[in-house]
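I have placed the structure first, in the form of structure tokens, so that the comments after it can refer back to it.
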Amino acid sequence: MSAGRDGGGAGVDRREVLAERLDVIAEELSDLALDSLRAALERGDSSRPAEEKRLTQARRAVEKAAHLLRSADGTTGGSRGDDDGTAEG
């Protein structure tokens with residue numbers, strides 16, 4: 001599969017479509033992480049569950065992938081401070 005003779009325009013569209021799909025996956029991972037936190041609270045756990053930590057890490061990785069796809073075609077402006085996934089808001 002090649003980008004064709006249009007200078008890669010179709011590839012840009014495909015990257016944006018993929019980035020949008022990744023956004024949806026990131027939202028689903030966020031929902032799962034919140035469910036994990038709720039379950040831990042209901043159990044009376046006093047610490048952050050390991051499952052929620054893994055889900056949050058996965059969400060950050062997916063968000064970073066979406067950002068990288070978008071920055072490859074120049075549609076994102078500037079750099080985000082939490083781009084490397086090391087800071088949590």
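The way I read the labels, and the way they are meant: chains A, B, ... in the order of the structure tokens, residue 1 as the first residue of every chain, and ligand 1 as the first ligand shown, with later ones counted on from there.
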
Identify, on the basis of only C-alpha atoms, every residue whose closest approach to Ala65 of chain A does not exceed 10 Å; exclude the query and any residue fewer than 4 positions from it along the same chain; express the result as an mmCIF file with N, CA and C atoms, in the first residue's frame.
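Once everything was written out, this is part39.cif:
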```
data_model
loop_
_atom_site.group_PDB
_atom_site.id
_atom_site.type_symbol
_atom_site.label_atom_id
_atom_site.label_comp_id
_atom_site.auth_asym_id
_atom_site.auth_seq_id
_atom_site.Cartn_x
_atom_site.Cartn_y
_atom_site.Cartn_z
ATOM 1 N N LEU A 18 -6.801 7.063 12.372
ATOM 2 C CA LEU A 18 -6.214 6.190 13.385
ATOM 3 C C LEU A 18 -6.074 6.924 14.718
ATOM 4 N N ALA A 19 -5.656 8.184 14.680
ATOM 5 C CA ALA A 19 -5.536 8.973 15.906
ATOM 6 C C ALA A 19 -6.896 9.103 16.599
ATOM 7 N N LEU A 22 -7.648 5.930 18.336
ATOM 8 C CA LEU A 22 -6.860 5.847 19.562
ATOM 9 C C LEU A 22 -7.469 6.710 20.663
ATOM 10 N N ASP A 23 -8.027 7.868 20.300
ATOM 11 C CA ASP A 23 -8.707 8.720 21.282
ATOM 12 C C ASP A 23 -9.854 7.960 21.953
ATOM 13 N N ARG A 59 -3.348 4.082 29.021
ATOM 14 C CA ARG A 59 -4.055 5.240 28.459
ATOM 15 C C ARG A 59 -3.077 6.310 28.016
ATOM 16 N N ARG A 60 -2.089 6.592 28.859
ATOM 17 C CA ARG A 60 -1.095 7.605 28.499
ATOM 18 C C ARG A 60 -0.336 7.217 27.235
ATOM 19 N N ALA A 61 0.004 5.947 27.124
ATOM 20 C CA ALA A 61 0.730 5.482 25.938
ATOM 21 C C ALA A 61 -0.118 5.642 24.683
ATOM 22 N N LEU A 69 0.886 10.689 16.008
ATOM 23 C CA LEU A 69 0.289 10.581 14.669
ATOM 24 C C LEU A 69 -0.146 11.949 14.166
ATOM 25 N N ARG A 70 -0.739 12.727 15.049
ATOM 26 C CA ARG A 70 -1.201 14.055 14.640
ATOM 27 C C ARG A 70 -0.029 14.996 14.381
ATOM 28 N N SER A 71 0.998 14.918 15.176
ATOM 29 C CA SER A 71 2.129 15.822 14.986
ATOM 30 C C SER A 71 2.901 15.464 13.726
ATOM 31 N N ASP A 83 3.746 15.272 27.647
ATOM 32 C CA ASP A 83 3.874 14.490 26.437
ATOM 33 C C ASP A 83 4.539 13.140 26.663
#
```

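Within the 9 Å cut-off around Glu52 of chain A, using only C-alpha atoms and omitting residues fewer than 6 positions from it on the same chain, the listed residues are Leu32, Ala33, Leu34, Asp35, Ser36 and Leu37 of chain A.
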
Limited to N, CA and C atoms, could you put the picked residues into a file as a CSV table (one decimal), in the first residue's frame?
```
chain,number,residue,atom,x,y,z
A,32,LEU,N,-12.2,2.3,32.3
A,32,LEU,CA,-11.8,1.1,33.1
A,32,LEU,C,-11.0,1.5,34.3
A,33,ALA,N,-10.2,2.4,34.2
A,33,ALA,CA,-9.4,2.9,35.4
A,33,ALA,C,-10.3,3.4,36.5
A,34,LEU,N,-11.2,4.2,36.1
A,34,LEU,CA,-12.2,4.7,37.1
A,34,LEU,C,-13.0,3.6,37.7
A,35,ASP,N,-13.4,2.7,36.9
A,35,ASP,CA,-14.1,1.5,37.5
A,35,ASP,C,-13.3,0.8,38.5
A,36,SER,N,-12.0,0.6,38.2
A,36,SER,CA,-11.1,0.0,39.1
A,36,SER,C,-10.9,0.8,40.4
A,37,LEU,N,-10.9,2.1,40.3
A,37,LEU,CA,-10.8,2.9,41.5
A,37,LEU,C,-12.1,2.8,42.3
```

inquiry  = Which residue is closest to Leu68 of chain A? Choose from A:Ala10, A:Arg15, A:Leu55, A:Ser46 and count only C-alpha atoms.
reply    = A:Arg15

task = Compare A:Gln57, A:Asp45, A:Arg38, A:Ala66 by their minimum atom-to-atom distance to Val24 of chain A, counting only C-alpha atoms, and give me the closest one.
result = A:Ala66
